[in-house]
Amino acid sequence: MDKKEFHRFILESKGNESNICQIYAIKDGDTVYDDCWHGFTTGDAMNVNSVTKGIVALLTGIALDKGCIKSVDQKVMDYFSDYTVKRGEKTIYDVTIRHLLTMTAPYKGKSEPWKKVCTSKDWTLTTLDFLGGRKGITGEFRYATLGIQILVGIIERATGEKCIDFANKNLFEPLGLPKRIIHGDSSKEDQFDYFMNKNPRKYEWFADPQDTVTAGWGLCMSAKDMAVIGTLVLNGGEYNGKRIISAEYINDMTKPYLKLGERFGNMNYGYLWYKPFDDRDVYAAIGDSGNIIYVNKEENISVGMTGTFKPRIFDRVEFIEKRLIPIINLSQKGRF
C-alpha cells in the first residue's frame, strides 16, 4: 500500500478508521507524512479528549523544573490550605502529586461525579470534594478524568498564573505552535457539542467559570501540534536545540509505574502517558476516538493523529505500527 492507497483506504473505510481526520508524522526531525480527511486541513484543530492529560503531565514537569512545584511527592493539600476538608475525611491529607500523575489517587464513590463538577463554579475545588475516602491509599489504578483537574489547580496555585497562560508561554509558543484561547461557555449543551461536533475547532481549551482549563479533556490541537509535542518527548525534552523540559522529568514521565489490565490493552502507565510494550521504547498520550501522540524511539518518529467522536475507539498504536510506519519507511527508501 502506498500513500495514495492509504489515503483512499481511510477515506472509504466503514470501520474504525472512518473517523480519522488528520495524520502528521515527523521522523529524524523532518515531516514525512501529512494528510487530512473529512474536510480538515493541516492547520485545523479539534478536541483531542484525553490526550489533554499528556499535555498536563508535561506542564507539571515544567512547573517542577522551574521550582514552582517542589516534588511529585509533595502533598496535594499543601496547595489548598484554604479548602475546607469534609468532616471525617483523613485520606485526602496523604494524597500526593505522584498519585494524581499515576492515576493511583483514591476517590469517593464508584463513578465520577460529572454533573456535580461540570455544573459547579470551580471545577477544581468541587473535584477535591471527592478525593480521598475510607479505603486510604491503596496504590490501585483508578482512571479518573475529573480527578486530574486537581493537577491544573496545583499548577495555577504553584505558578501564580492561569494554566492556559503558563502553557502558552512555556510549551506551545516555544515549540512554535499556536497560542490556545479559553473556551469559556460551560453550559450542558455546549459541553455536549464540544465532544460531538465533527467540524474543525479553534485553537482553544475548554475551561470552567474561573477560566481554569479542563485537565482531562478539552484541549484542541492539530495532528501537527501533537507530532511536534511527540518530537519534544522523543528528544528528551529538547526541541530544535532548545531545552523545554528537563530530560530527568521526561524519563520519569515515561517510566512504567503500573501494569494495566485488558481494558487498557495491558499497557504500562507512567505519568499520564502510556508505555504500550514492556520491552520497547514506545510511548503514547491516548484519547478517546483514536486521538493520539505516538512516540517511537527505535524508529525516531513521532506521530499525531486526530479523529472525530466515535465510540469504542481507544488505541491507535497497532494501526500506526502496522499501517503507517511501513508506508513512511518504504517512501523514504524511494519505493514510491
# chains A, B, ... in the order shown; residues from 1 in each chain; ligands from 1
>>> residues_around(residues="segment 232-238 of chain A", least_positions_apart="6", cutoff="12 Å", atoms="only C-alpha atoms", output="PyMOL selection string")
chain A and resi 26-29+54-55+57-59+61-62+65+171-172+174-176+225-226+244-254+273+281-285+293-303
>>> select_by_dssp(residues="segment 51-287 of chain A", states="helix (DSSP H, G or I)", output="PyMOL selection string")
chain A and resi 51-65+76-79+91-94+97-101+114-118+123-128+149-159+163-172+188-196+223-234+247-253+262-264
>>> select_by_dssp(residues="segment 245-332 of chain A", states="strand (DSSP E)", output="number ranges by chain")
A: 258-259, 268-269, 274-275, 282-286, 292-296, 301-307
>>> residues_around(residues="Ile182 of chain A", least_positions_apart="6", cutoff="8 Å", atoms="only C-alpha atoms", output="list in words")
Ile164, Glu204, Trp205, Phe206, Ala207, Asp211 and Val213 of chain A
>>> closest_residue(among="A:Gly109, A:Ile181, A:Gly133, A:Lys121", to="Gly88 of chain A", atoms="only C-alpha atoms")
A:Gly133
>>> residues_around(residues="segment 145-154 of chain A", least_positions_apart="2", cutoff="6 Å", atoms="only C-alpha atoms", output="list of chain:residue names")
A:Thr124, A:Glu156, A:Arg157, A:Ala158, A:Ala215, A:Gly216
>>> closest_residue(among="A:Lys90, A:Lys110, A:Arg8, A:Lys162", to="Arg142 of chain A", atoms="only C-alpha atoms")
A:Lys110
>>> closest_atom_pairs(of="segment 178-234 of chain A", to="segment 125-129 of chain A", cutoff="12 Å", atoms="only C-alpha atoms", output="Markdown table")
| residue | atom | partner | partner_atom | distance |
| --- | --- | --- | --- | --- |
| A:Asp208 | CA | A:Thr126 | CA | 11.2 |
| A:Gln210 | CA | A:Leu125 | CA | 11.0 |
| A:Thr212 | CA | A:Leu125 | CA | 11.2 |
| A:Thr214 | CA | A:Thr127 | CA | 11.6 |
| A:Ala215 | CA | A:Thr127 | CA | 11.6 |
>>> write_last_selection(atoms="N, CA, C and O atoms", output="PDB file, in the first residue's frame")
ATOM      1  N   ASP A 208     -13.523  26.042  33.019  1.00  0.00           N
ATOM      2  CA  ASP A 208     -14.649  26.234  33.936  1.00  0.00           C
ATOM      3  C   ASP A 208     -14.943  27.736  34.073  1.00  0.00           C
ATOM      4  O   ASP A 208     -14.276  28.568  33.437  1.00  0.00           O
ATOM      5  N   GLN A 210     -14.085  29.773  36.137  1.00  0.00           N
ATOM      6  CA  GLN A 210     -12.939  30.523  36.656  1.00  0.00           C
ATOM      7  C   GLN A 210     -11.849  30.685  35.583  1.00  0.00           C
ATOM      8  O   GLN A 210     -10.760  31.186  35.880  1.00  0.00           O
ATOM      9  N   THR A 212     -10.257  28.297  34.406  1.00  0.00           N
ATOM     10  CA  THR A 212      -9.279  27.238  34.658  1.00  0.00           C
ATOM     11  C   THR A 212      -9.560  26.107  33.679  1.00  0.00           C
ATOM     12  O   THR A 212     -10.666  25.565  33.646  1.00  0.00           O
ATOM     13  N   THR A 214      -9.767  22.628  31.521  1.00  0.00           N
ATOM     14  CA  THR A 214     -10.010  21.228  31.854  1.00  0.00           C
ATOM     15  C   THR A 214      -8.715  20.435  31.701  1.00  0.00           C
ATOM     16  O   THR A 214      -7.974  20.622  30.744  1.00  0.00           O
ATOM     17  N   ALA A 215      -8.477  19.549  32.629  1.00  0.00           N
ATOM     18  CA  ALA A 215      -7.209  18.818  32.651  1.00  0.00           C
ATOM     19  C   ALA A 215      -7.293  17.459  31.977  1.00  0.00           C
ATOM     20  O   ALA A 215      -6.293  16.940  31.495  1.00  0.00           O
TER      21      ALA A 215
END
>>> closest_residue(among="A:Tyr269, A:Tyr194, A:Tyr83, A:Phe141", to="Tyr107 of chain A", atoms="only C-alpha atoms")
A:Phe141
>>> closest_atom_pairs(of="segment 226-266 of chain A", to="segment 94-102 of chain A", cutoff="10 Å", atoms="only C-alpha atoms", output="JSON lines")
{"residue": "A:Met253", "atom": "CA", "partner": "A:Leu101", "partner_atom": "CA", "distance": 8.7}
{"residue": "A:Pro256", "atom": "CA", "partner": "A:Thr102", "partner_atom": "CA", "distance": 9.6}
{"residue": "A:Tyr257", "atom": "CA", "partner": "A:Thr102", "partner_atom": "CA", "distance": 7.3}
{"residue": "A:Leu258", "atom": "CA", "partner": "A:Thr102", "partner_atom": "CA", "distance": 7.9}
>>> closest_residue(among="A:Ala167, A:Val117, A:Arg312, A:Asp35", to="Lys4 of chain A", atoms="only C-alpha atoms")
A:Asp35
>>> closest_residue(among="A:Asp190, A:Asp2, A:Asp30, A:Glu318", to="Val228 of chain A", atoms="only C-alpha atoms")
A:Asp30
